[in-house]
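Raw contents of structure32.csv, CSV, C-alpha atoms:
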```
chain,number,residue,atom,x,y,z
A,30,MET,CA,-40.6,-43.5,-16.5
A,31,ARG,CA,-40.6,-41.0,-19.2
A,32,ARG,CA,-42.0,-38.4,-16.7
A,33,ILE,CA,-39.3,-39.3,-14.2
A,34,ARG,CA,-36.6,-38.9,-16.8
A,35,VAL,CA,-38.0,-35.6,-17.9
A,36,PHE,CA,-38.3,-34.4,-14.3
A,37,GLY,CA,-34.8,-35.7,-13.5
A,38,GLY,CA,-33.4,-33.9,-16.6
A,39,ALA,CA,-35.1,-30.7,-15.5
A,40,VAL,CA,-33.7,-30.9,-12.0
A,41,LEU,CA,-30.2,-31.6,-13.5
A,42,ALA,CA,-30.5,-28.6,-15.8
A,43,ALA,CA,-31.7,-26.4,-13.0
A,44,MET,CA,-28.7,-27.5,-10.9
A,45,MET,CA,-26.4,-26.8,-13.7
A,46,LEU,CA,-27.9,-23.4,-14.2
A,47,ILE,CA,-27.6,-22.7,-10.4
A,48,GLY,CA,-24.0,-23.9,-10.5
A,49,ILE,CA,-23.2,-21.7,-13.6
A,50,GLY,CA,-24.8,-18.7,-11.9
A,51,SER,CA,-22.8,-19.2,-8.7
A,52,THR,CA,-19.6,-19.5,-10.6
A,53,ALA,CA,-20.3,-16.4,-12.7
A,54,SER,CA,-21.3,-14.3,-9.7
A,55,ALA,CA,-18.1,-15.4,-8.0
A,56,GLN,CA,-16.1,-14.1,-11.0
A,57,VAL,CA,-17.8,-10.7,-11.2
A,58,PRO,CA,-15.0,-8.2,-10.7
A,59,LEU,CA,-15.2,-5.8,-7.9
A,60,PRO,CA,-15.6,-2.1,-8.8
A,61,VAL,CA,-12.2,-0.3,-8.9
A,62,PRO,CA,-12.6,3.4,-8.0
A,63,THR,CA,-10.1,5.8,-9.5
A,64,ALA,CA,-10.4,8.5,-6.8
A,65,PHE,CA,-8.4,8.4,-3.6
A,66,LEU,CA,-11.2,9.9,-1.6
A,67,ALA,CA,-13.5,7.0,-2.6
A,68,GLY,CA,-12.3,5.2,0.6
A,69,VAL,CA,-13.8,7.9,2.8
A,70,PRO,CA,-17.5,7.0,2.2
A,71,GLN,CA,-16.5,3.3,2.6
A,72,GLU,CA,-15.2,4.1,6.1
A,73,LEU,CA,-18.3,6.2,6.9
A,74,GLY,CA,-20.6,3.3,5.7
A,75,ASN,CA,-18.6,0.6,7.4
A,76,PRO,CA,-16.6,2.1,10.4
A,77,GLY,CA,-13.5,0.2,11.1
A,78,GLY,CA,-14.0,-2.1,8.2
A,79,SER,CA,-11.8,-3.2,5.3
A,80,ALA,CA,-11.7,-2.1,1.7
A,81,PRO,CA,-13.5,-4.5,-0.7
A,82,GLY,CA,-11.3,-7.4,-1.7
A,83,SER,CA,-9.1,-7.3,1.4
A,84,ASN,CA,-8.7,-9.2,4.6
A,85,ASP,CA,-10.3,-12.5,3.7
A,86,PHE,CA,-8.2,-14.7,5.9
A,87,SER,CA,-9.6,-17.8,4.3
A,88,CYS,CA,-8.0,-16.8,1.0
A,89,LYS,CA,-5.4,-19.2,-0.3
A,90,PRO,CA,-2.7,-18.0,-2.7
A,91,THR,CA,-2.6,-19.5,-6.2
A,92,GLU,CA,0.3,-20.9,-8.1
A,93,GLN,CA,0.2,-17.8,-10.4
A,94,HIS,CA,0.2,-15.4,-7.4
A,95,PRO,CA,1.8,-17.3,-4.5
A,96,ASN,CA,2.6,-14.2,-2.4
A,97,PRO,CA,-0.2,-12.5,-0.4
A,98,VAL,CA,0.0,-8.7,-0.8
A,99,VAL,CA,0.0,-6.6,2.3
A,100,LEU,CA,-1.1,-2.9,1.9
A,101,VAL,CA,0.5,-0.4,4.3
A,102,HIS,CA,-1.3,3.0,4.4
A,103,GLY,CA,0.0,6.5,4.9
A,104,THR,CA,-0.2,9.2,7.6
A,105,GLY,CA,-3.8,9.7,8.7
A,106,GLY,CA,-5.1,6.8,6.7
A,107,ASN,CA,-6.2,3.3,7.6
A,108,ARG,CA,-6.8,-0.1,6.0
A,109,GLN,CA,-10.0,1.1,4.4
A,110,THR,CA,-9.6,4.8,3.5
A,111,ASN,CA,-6.2,4.4,1.8
A,112,TRP,CA,-6.9,1.4,-0.4
A,113,ALA,CA,-10.2,1.9,-2.3
A,114,THR,CA,-8.3,1.4,-5.5
A,115,TYR,CA,-5.6,-1.2,-4.8
A,116,SER,CA,-7.7,-3.7,-2.7
A,117,PRO,CA,-10.3,-4.5,-5.4
A,118,LEU,CA,-7.8,-4.2,-8.2
A,119,LEU,CA,-5.4,-6.7,-6.7
A,120,ALA,CA,-8.3,-9.0,-5.7
A,121,ASN,CA,-9.6,-8.9,-9.3
A,122,GLU,CA,-6.2,-10.0,-10.4
A,123,GLY,CA,-6.3,-13.1,-8.2
A,124,TYR,CA,-4.1,-12.0,-5.3
A,125,CYS,CA,-4.9,-12.6,-1.7
A,126,VAL,CA,-5.0,-9.0,-0.3
A,127,PHE,CA,-4.5,-7.9,3.3
A,128,ALA,CA,-4.3,-4.5,4.9
A,129,LEU,CA,-3.8,-3.3,8.5
A,130,THR,CA,-4.3,-0.1,10.4
A,131,TYR,CA,-1.2,0.8,12.3
A,132,GLY,CA,-0.1,3.6,14.6
A,133,ASN,CA,-3.7,4.6,15.5
A,134,PHE,CA,-5.5,5.1,18.8
A,135,PRO,CA,-7.4,1.8,19.2
A,136,ASP,CA,-8.6,2.7,22.6
A,137,GLN,CA,-10.4,5.8,21.3
A,138,PRO,CA,-13.9,5.7,19.9
A,139,TRP,CA,-14.4,5.9,16.1
A,140,PRO,CA,-13.6,8.0,14.2
A,141,LEU,CA,-10.5,8.7,16.3
A,142,SER,CA,-9.6,5.0,16.2
A,143,ALA,CA,-9.6,5.2,12.4
A,144,ILE,CA,-6.8,7.7,12.1
A,145,GLY,CA,-3.6,5.7,11.6
A,146,GLY,CA,0.1,6.5,11.1
A,147,MET,CA,0.3,8.7,14.2
A,148,GLN,CA,2.7,6.8,16.4
A,149,GLU,CA,6.5,6.5,16.2
A,150,ILE,CA,7.5,4.7,13.1
A,151,PRO,CA,9.5,1.9,14.8
A,152,SER,CA,6.5,0.9,16.9
A,153,SER,CA,4.3,0.9,13.8
A,154,ALA,CA,6.8,-1.2,11.9
A,155,ALA,CA,6.6,-3.7,14.8
A,156,GLN,CA,2.8,-3.8,14.2
A,157,LEU,CA,3.4,-4.6,10.6
A,158,ALA,CA,5.8,-7.4,11.5
A,159,SER,CA,3.1,-9.0,13.7
A,160,PHE,CA,0.5,-8.6,10.9
A,161,VAL,CA,2.7,-10.2,8.3
A,162,ASP,CA,3.2,-13.2,10.6
A,163,GLN,CA,-0.6,-13.4,10.9
A,164,VAL,CA,-1.0,-13.4,7.1
A,165,LEU,CA,1.7,-16.0,6.5
A,166,GLY,CA,0.2,-18.2,9.2
A,167,ALA,CA,-3.3,-17.9,7.7
A,168,THR,CA,-2.4,-18.4,4.1
A,169,GLY,CA,0.4,-20.9,4.4
A,170,ALA,CA,2.6,-18.7,2.2
A,171,SER,CA,6.3,-18.4,2.8
A,172,SER,CA,6.6,-14.8,1.7
A,173,VAL,CA,4.6,-11.6,1.1
A,174,ASP,CA,4.8,-8.6,-1.1
A,175,LEU,CA,4.3,-5.2,0.4
A,176,ILE,CA,2.8,-2.1,-1.1
A,177,GLY,CA,3.1,1.1,0.9
A,178,HIS,CA,1.9,4.6,0.4
A,179,SER,CA,3.6,7.7,1.9
A,180,GLN,CA,4.6,6.9,5.5
A,181,GLY,CA,3.8,3.2,4.7
A,182,THR,CA,6.8,3.1,2.4
A,183,ILE,CA,9.3,3.8,5.1
A,184,ILE,CA,7.4,1.5,7.6
A,185,ASN,CA,8.0,-1.2,5.0
A,186,GLY,CA,11.7,-0.2,4.6
A,187,TYR,CA,12.3,-0.2,8.4
A,188,TYR,CA,10.6,-3.6,8.8
A,189,ALA,CA,12.7,-5.1,6.0
A,190,LYS,CA,16.0,-3.7,7.2
A,191,PHE,CA,15.7,-3.9,11.0
A,192,LEU,CA,12.9,-6.3,12.0
A,193,GLY,CA,13.7,-9.4,10.0
A,194,GLY,CA,11.3,-8.6,7.2
A,195,ALA,CA,13.9,-9.3,4.5
A,196,ASP,CA,13.4,-13.0,5.2
A,197,LYS,CA,9.6,-12.8,4.6
A,198,VAL,CA,9.3,-10.2,1.8
A,199,ASP,CA,10.1,-10.6,-1.9
A,200,ASN,CA,8.9,-7.2,-3.2
A,201,ILE,CA,8.4,-3.8,-1.7
A,202,VAL,CA,6.4,-1.4,-4.0
A,203,SER,CA,6.5,2.2,-2.7
A,204,VAL,CA,3.9,4.7,-3.9
A,205,ALA,CA,5.0,8.3,-3.1
A,206,PRO,CA,8.0,7.2,-1.0
A,207,LEU,CA,10.2,9.4,1.1
A,208,TRP,CA,13.5,7.5,1.5
A,209,LYS,CA,15.3,10.8,2.2
A,210,GLY,CA,12.4,12.2,4.3
A,211,THR,CA,10.6,15.4,3.4
A,212,LEU,CA,11.3,19.1,3.5
A,213,GLY,CA,15.0,19.0,2.7
A,214,ASN,CA,18.0,17.3,1.3
A,215,GLU,CA,21.5,16.2,2.3
A,216,GLN,CA,22.5,19.9,2.5
A,217,VAL,CA,19.6,21.6,4.2
A,218,SER,CA,16.8,19.7,6.0
A,219,ILE,CA,14.0,20.3,8.5
A,220,GLY,CA,15.3,17.5,10.7
A,221,ARG,CA,18.7,19.0,11.3
A,222,ALA,CA,17.2,22.4,11.7
A,223,MET,CA,14.9,21.1,14.4
A,224,ARG,CA,17.7,19.4,16.2
A,225,ASP,CA,19.8,22.6,16.1
A,226,LEU,CA,16.8,24.2,17.9
A,227,GLY,CA,16.8,21.5,20.5
A,228,VAL,CA,13.8,19.7,19.0
A,229,SER,CA,14.3,16.0,18.1
A,230,GLU,CA,12.4,12.7,18.2
A,231,ALA,CA,13.2,12.6,21.9
A,232,ALA,CA,11.0,15.7,22.3
A,233,GLN,CA,7.9,13.9,20.9
A,234,ALA,CA,5.9,14.7,24.0
A,235,GLY,CA,5.4,18.0,22.4
A,236,PHE,CA,3.8,16.3,19.4
A,237,PRO,CA,1.2,14.1,21.1
A,238,ILE,CA,-1.0,13.6,18.0
A,239,CYS,CA,1.4,12.9,15.2
A,240,LYS,CA,4.5,11.4,16.7
A,241,ALA,CA,5.5,10.0,13.3
A,242,CYS,CA,5.7,13.5,11.8
A,243,LEU,CA,9.0,14.3,13.3
A,244,ASN,CA,10.4,10.9,12.1
A,245,MET,CA,9.6,11.8,8.5
A,246,GLY,CA,11.5,15.0,8.3
A,247,ALA,CA,14.6,15.0,6.1
A,248,GLY,CA,17.6,14.8,8.3
A,249,SER,CA,15.7,13.4,11.3
A,250,GLU,CA,17.3,10.8,13.6
A,251,PHE,CA,14.9,8.2,12.2
A,252,ILE,CA,15.7,9.0,8.5
A,253,GLU,CA,19.4,9.1,9.1
A,254,ASN,CA,19.3,5.8,10.9
A,255,LEU,CA,17.3,4.2,8.1
A,256,ARG,CA,19.7,5.6,5.5
A,257,ALA,CA,22.9,4.5,7.3
A,258,GLY,CA,24.5,1.9,5.2
A,259,GLY,CA,21.7,2.1,2.6
A,260,VAL,CA,18.0,1.9,2.9
A,261,TYR,CA,17.5,-1.3,1.0
A,262,ALA,CA,17.6,-4.8,2.5
A,263,PRO,CA,19.4,-7.4,0.5
A,264,GLY,CA,17.3,-10.0,-1.2
A,265,VAL,CA,14.3,-7.7,-1.6
A,266,ARG,CA,13.2,-6.1,-4.9
A,267,TYR,CA,12.1,-2.5,-4.6
A,268,THR,CA,10.0,-0.4,-6.9
A,269,ASN,CA,9.6,3.3,-6.2
A,270,ILE,CA,6.7,5.1,-7.9
A,271,THR,CA,6.7,8.9,-7.6
A,272,THR,CA,5.0,12.0,-9.0
A,273,ARG,CA,6.6,15.4,-9.8
A,274,TYR,CA,3.5,17.0,-8.3
A,275,ASP,CA,3.9,15.6,-4.8
A,276,GLU,CA,3.2,18.4,-2.4
A,277,LEU,CA,4.0,16.5,0.8
A,278,VAL,CA,7.3,14.7,-0.2
A,279,LEU,CA,9.5,17.7,-0.9
A,280,PRO,CA,11.4,17.5,-3.1
A,281,TYR,CA,9.6,14.6,-4.8
A,282,THR,CA,13.1,13.2,-5.8
A,283,ASN,CA,13.5,12.2,-2.1
A,284,GLY,CA,11.5,9.1,-3.1
A,285,LEU,CA,14.0,8.1,-5.8
A,286,GLU,CA,16.7,5.9,-4.4
A,287,ALA,CA,19.3,4.1,-6.6
A,288,GLY,CA,20.2,0.5,-5.9
A,289,PRO,CA,21.0,-2.7,-7.8
A,290,ASN,CA,17.7,-4.2,-6.5
A,291,ALA,CA,15.6,-1.1,-7.1
A,292,THR,CA,13.6,0.4,-10.0
A,293,ASN,CA,12.6,4.1,-9.9
A,294,ILE,CA,9.6,5.4,-11.8
A,295,VAL,CA,8.1,8.9,-12.2
A,296,VAL,CA,4.5,8.6,-13.4
A,297,GLN,CA,4.8,11.7,-15.6
A,298,ASP,CA,7.6,10.2,-17.7
A,299,GLY,CA,5.8,9.4,-20.9
A,300,CYS,CA,2.4,10.6,-19.6
A,301,GLU,CA,2.1,14.3,-18.9
A,302,GLN,CA,-1.7,14.0,-18.5
A,303,ASP,CA,-1.3,12.2,-15.1
A,304,ILE,CA,-0.7,15.1,-12.7
A,305,SER,CA,-1.3,13.0,-9.6
A,306,ASP,CA,-0.4,14.6,-6.3
A,307,HIS,CA,0.6,12.8,-3.1
A,308,LEU,CA,-3.0,11.5,-2.6
A,309,ALA,CA,-4.2,10.9,-6.2
A,310,ILE,CA,-1.2,8.8,-7.0
A,311,ALA,CA,-2.6,6.1,-4.7
A,312,ALA,CA,-5.6,5.9,-7.1
A,313,SER,CA,-3.9,6.4,-10.4
A,314,LEU,CA,-4.4,3.4,-12.6
A,315,ARG,CA,-1.0,4.2,-14.3
A,316,ALA,CA,0.8,4.0,-10.9
A,317,ALA,CA,-1.2,0.9,-10.0
A,318,THR,CA,-0.3,-0.8,-13.3
A,319,PHE,CA,3.4,-0.1,-12.6
A,320,ALA,CA,2.8,-1.8,-9.2
A,321,LEU,CA,1.1,-4.8,-10.8
A,322,ASN,CA,4.0,-5.2,-13.2
A,323,ALA,CA,6.5,-5.0,-10.3
A,324,LEU,CA,4.6,-7.9,-8.5
A,325,ASP,CA,4.5,-10.0,-11.6
A,326,PRO,CA,7.3,-9.0,-14.0
A,327,LEU,CA,7.0,-12.1,-16.1
A,328,HIS,CA,3.5,-11.1,-17.2
A,329,PRO,CA,3.7,-7.3,-17.8
A,330,ARG,CA,0.7,-5.5,-19.0
A,331,PRO,CA,0.5,-2.2,-21.0
A,332,VAL,CA,0.7,0.8,-18.7
A,333,PRO,CA,-2.2,3.2,-19.4
A,334,CYS,CA,-1.9,7.0,-19.7
A,335,ASN,CA,-5.1,8.7,-18.5
A,336,PRO,CA,-5.7,12.2,-17.2
A,337,VAL,CA,-5.5,12.3,-13.4
A,338,TRP,CA,-6.1,15.4,-11.3
A,339,PRO,CA,-4.7,16.2,-7.9
A,340,ILE,CA,-6.6,14.8,-4.9
A,341,VAL,CA,-9.7,13.8,-6.8
A,342,GLY,CA,-8.0,11.6,-9.4
```
Written as structure tokens, that's how I'd like the structure from this file.
Amino acid sequence: MRRIRVFGGAVLAAMMLIGIGSTASAQVPLPVPTAFLAGVPQELGNPGGSAPGSNDFSCKPTEQHPNPVVLVHGTGGNRQTNWATYSPLLANEGYCVFALTYGNFPDQPWPLSAIGGMQEIPSSAAQLASFVDQVLGATGASSVDLIGHSQGTIINGYYAKFLGGADKVDNIVSVAPLWKGTLGNEQVSIGRAMRDLGVSEAAQAGFPICKACLNMGAGSEFIENLRAGGVYAPGVRYTNITTRYDELVLPYTNGLEAGPNATNIVVQDGCEQDISDHLAIAASLRAATFALNALDPLHPRPVPCNPVWPIVG
């Protein structure tokens, strides 16, 4: 009997150790790269895949983080290349994280199929609407939070304002947004100049690869439609995170939009060491912490200030 008790105790101890090991391994945090280009080798190693921490459709939101987070990439990006930092960071924080590739060429072989954000923005926003419904159905959540980068910011804005997204979204966090478009302002803009030359969104047949590019010009028909009556949808909280060194949203202040439901942030305010450009800001831990605080304002964490270099982070 003593041998049986000893054997039974050993088996129980082994089971406990196995259980402890399984729990610990499940809690090991995912690595969080701080270079935007870290997503490129991920795509090369896993063509058409998802960034670590994202697109687990069995994930169930917690009471602490009831909203799934949907990541919406920028021009030329996809669900993997754009989110090497945000996907694991959010997953480590306990969020259910999802990301889509929109506006790409799914009928083309990889790597052409991996180039997103090429189609007209309204059609891409419709893809986002469908994806959000898929996420809500899988998770059982009633709302999502959206984080967009570059073109993804106005995809989110269009979805919330025109496609019923305001009823399904609580927060929109915009990294390097372009609410006023790029290359111009209210006085002088590329969009109006193009229309004066007879080139408008209706002439997109001449831009077969990047049809979204005309949409994003300051003064374009798309931007003016988005801005008519205000870019923000009621009931949604907006956070805009910009960088003074943005070389693609020109001027960078085109991403700053006042509103009673909006917070505007420039990453260099209080941190001159962070000289993120349009790409590196999507891997800046300072910008990402602003995003985390926007998603969970009741539990803010200190915002770091680390040196960040353009492109490489």
Can you pull out the residues contacting A:Ser83? Cut-off 12 Å, using only C-alpha atoms, and skip same-chain residues under 5 positions away; I want them as a list in words. Leu59, Gly78, Cys88, Pro97, Val98, Val99, Leu100, Arg108, Gln109, Trp112, Ala113, Thr114, Tyr115, Ser116, Pro117, Leu118, Leu119, Ala120, Asn121, Gly123, Tyr124, Cys125, Val126, Phe127, Ala128, Leu129 and Val164 of chain A
Tell me which protein, DNA and RNA residues are within 8 Å of A:Ile183, counting all atoms listed in the file, leaving out same-chain ones fewer than 3 positions away, and put them as an mmCIF file with C-alpha atoms, in the frame of the given file.
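To be explicit, this is the file written out as result-v5.cif:
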```cif
data_model
loop_
_atom_site.group_PDB
_atom_site.id
_atom_site.type_symbol
_atom_site.label_atom_id
_atom_site.label_comp_id
_atom_site.auth_asym_id
_atom_site.auth_seq_id
_atom_site.Cartn_x
_atom_site.Cartn_y
_atom_site.Cartn_z
ATOM 1 C CA GLY A 177 3.100 1.100 0.900
ATOM 2 C CA SER A 179 3.600 7.700 1.900
ATOM 3 C CA GLN A 180 4.600 6.900 5.500
ATOM 4 C CA GLY A 186 11.700 -0.200 4.600
ATOM 5 C CA TYR A 187 12.300 -0.200 8.400
ATOM 6 C CA PRO A 206 8.000 7.200 -1.000
ATOM 7 C CA LEU A 207 10.200 9.400 1.100
ATOM 8 C CA TRP A 208 13.500 7.500 1.500
#
```
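Coordinates place atom CA of A:Asn322 at a distance of 25.8 Å from atom CA of A:Leu277.
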Pick from A:Pro151, A:Pro280, A:Gly264, A:Pro76: nearest to A:Ala241, with all atoms listed in the file counted?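 Result for the nearest residue to A:Ala241: A:Pro151.
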Please list, as an mmCIF file with C-alpha atoms, keeping the file's coordinate frame, the residues that have an atom at most 12 Å away from (-18.0, 2.3, 3.0) in the coordinates of this file, counting all atoms listed in the file.
```cif
data_model
loop_
_atom_site.group_PDB
_atom_site.id
_atom_site.type_symbol
_atom_site.label_atom_id
_atom_site.label_comp_id
_atom_site.auth_asym_id
_atom_site.auth_seq_id
_atom_site.Cartn_x
_atom_site.Cartn_y
_atom_site.Cartn_z
ATOM 1 C CA LEU A 66 -11.200 9.900 -1.600
ATOM 2 C CA ALA A 67 -13.500 7.000 -2.600
ATOM 3 C CA GLY A 68 -12.300 5.200 0.600
ATOM 4 C CA VAL A 69 -13.800 7.900 2.800
ATOM 5 C CA PRO A 70 -17.500 7.000 2.200
ATOM 6 C CA GLN A 71 -16.500 3.300 2.600
ATOM 7 C CA GLU A 72 -15.200 4.100 6.100
ATOM 8 C CA LEU A 73 -18.300 6.200 6.900
ATOM 9 C CA GLY A 74 -20.600 3.300 5.700
ATOM 10 C CA ASN A 75 -18.600 0.600 7.400
ATOM 11 C CA PRO A 76 -16.600 2.100 10.400
ATOM 12 C CA GLY A 77 -13.500 0.200 11.100
ATOM 13 C CA GLY A 78 -14.000 -2.100 8.200
ATOM 14 C CA SER A 79 -11.800 -3.200 5.300
ATOM 15 C CA ALA A 80 -11.700 -2.100 1.700
ATOM 16 C CA PRO A 81 -13.500 -4.500 -0.700
ATOM 17 C CA ARG A 108 -6.800 -0.100 6.000
ATOM 18 C CA GLN A 109 -10.000 1.100 4.400
ATOM 19 C CA THR A 110 -9.600 4.800 3.500
ATOM 20 C CA TRP A 112 -6.900 1.400 -0.400
ATOM 21 C CA ALA A 113 -10.200 1.900 -2.300
#
```
Which of A:Leu175, A:Val57, A:Val101, A:Ala316 sits closest to A:Ala195 [using only C-alpha atoms]: A:Leu175
Rounded to one decimal place, report the atom CA of A:Ala189-atom CA of A:Gly259 distance in Å.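 Pair atom CA of A:Ala189 / atom CA of A:Gly259 returns 12.0 Å.
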Return the single residue from A:Val341, A:Ile310, A:Leu327, A:Ile201 that is closest to A:Asn290, with distances computed using all atoms listed in the file. A:Ile201
May I ask for the distance between atom CA of A:Ser159 and atom CA of A:His102, given in Å to one decimal place? 15.8 Å
Would you kindly return, as a tab-separated table (two decimals) with C-alpha atoms, in the coordinates of the input, each protein, DNA or RNA residue with an atom no farther than 12 Å from any atom of A:Ile238, considering all atoms listed in the file and excluding same-chain residues fewer than 2 positions away?
```tsv
chain	number	residue	atom	x	y	z
A	104	THR	CA	-0.20	9.20	7.60
A	105	GLY	CA	-3.80	9.70	8.70
A	132	GLY	CA	-0.10	3.60	14.60
A	133	ASN	CA	-3.70	4.60	15.50
A	134	PHE	CA	-5.50	5.10	18.80
A	141	LEU	CA	-10.50	8.70	16.30
A	144	ILE	CA	-6.80	7.70	12.10
A	145	GLY	CA	-3.60	5.70	11.60
A	146	GLY	CA	0.10	6.50	11.10
A	147	MET	CA	0.30	8.70	14.20
A	148	GLN	CA	2.70	6.80	16.40
A	149	GLU	CA	6.50	6.50	16.20
A	233	GLN	CA	7.90	13.90	20.90
A	234	ALA	CA	5.90	14.70	24.00
A	235	GLY	CA	5.40	18.00	22.40
A	236	PHE	CA	3.80	16.30	19.40
A	240	LYS	CA	4.50	11.40	16.70
A	241	ALA	CA	5.50	10.00	13.30
A	242	CYS	CA	5.70	13.50	11.80
A	243	LEU	CA	9.00	14.30	13.30
```
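If you measure from each of A:Glu122, A:His94, A:Pro336, A:Asp306 to A:Pro58 using all atoms listed in the file, the closest one turns out to be A:Glu122.
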List as a short mmCIF file (atom, residue, chain, number, x, y, z; two decimals) with C-alpha atoms, keeping the file's coordinate frame the protein and nucleic acid residues near A:Gly299, meaning an atom at most 12 Å away when all atoms listed in the file are counted, but skip any in the same chain fewer than 5 places from it.
```cif
data_model
loop_
_atom_site.label_atom_id
_atom_site.label_comp_id
_atom_site.auth_asym_id
_atom_site.auth_seq_id
_atom_site.Cartn_x
_atom_site.Cartn_y
_atom_site.Cartn_z
CA ILE A 294 9.60 5.40 -11.80
CA ILE A 304 -0.70 15.10 -12.70
CA ARG A 315 -1.00 4.20 -14.30
CA VAL A 332 0.70 0.80 -18.70
CA PRO A 333 -2.20 3.20 -19.40
CA CYS A 334 -1.90 7.00 -19.70
CA ASN A 335 -5.10 8.70 -18.50
#
```
Shortest interatomic distance to A:Arg330 - which of A:Ala317, A:Ala287, A:Val296, A:Ile270, counting all atoms listed in the file: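 Of A:Ala317, A:Ala287, A:Val296, A:Ile270, the one nearest A:Arg330, counting all atoms listed in the file, is A:Ala317.
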With distances taken over all atoms listed in the file, which of A:Asn200, A:Ala320, A:Gly213, A:Gly342 is nearest to A:Pro62?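 Among A:Asn200, A:Ala320, A:Gly213, A:Gly342, it is A:Gly342 that comes nearest to A:Pro62.
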Need the neighbours of (11.7, 8.5, 7.0): which residues are at most 7 Å away, counting only C-alpha atoms, as a VMD selection string? chain A and resid 183 207 to 210 244 to 246 251 to 252
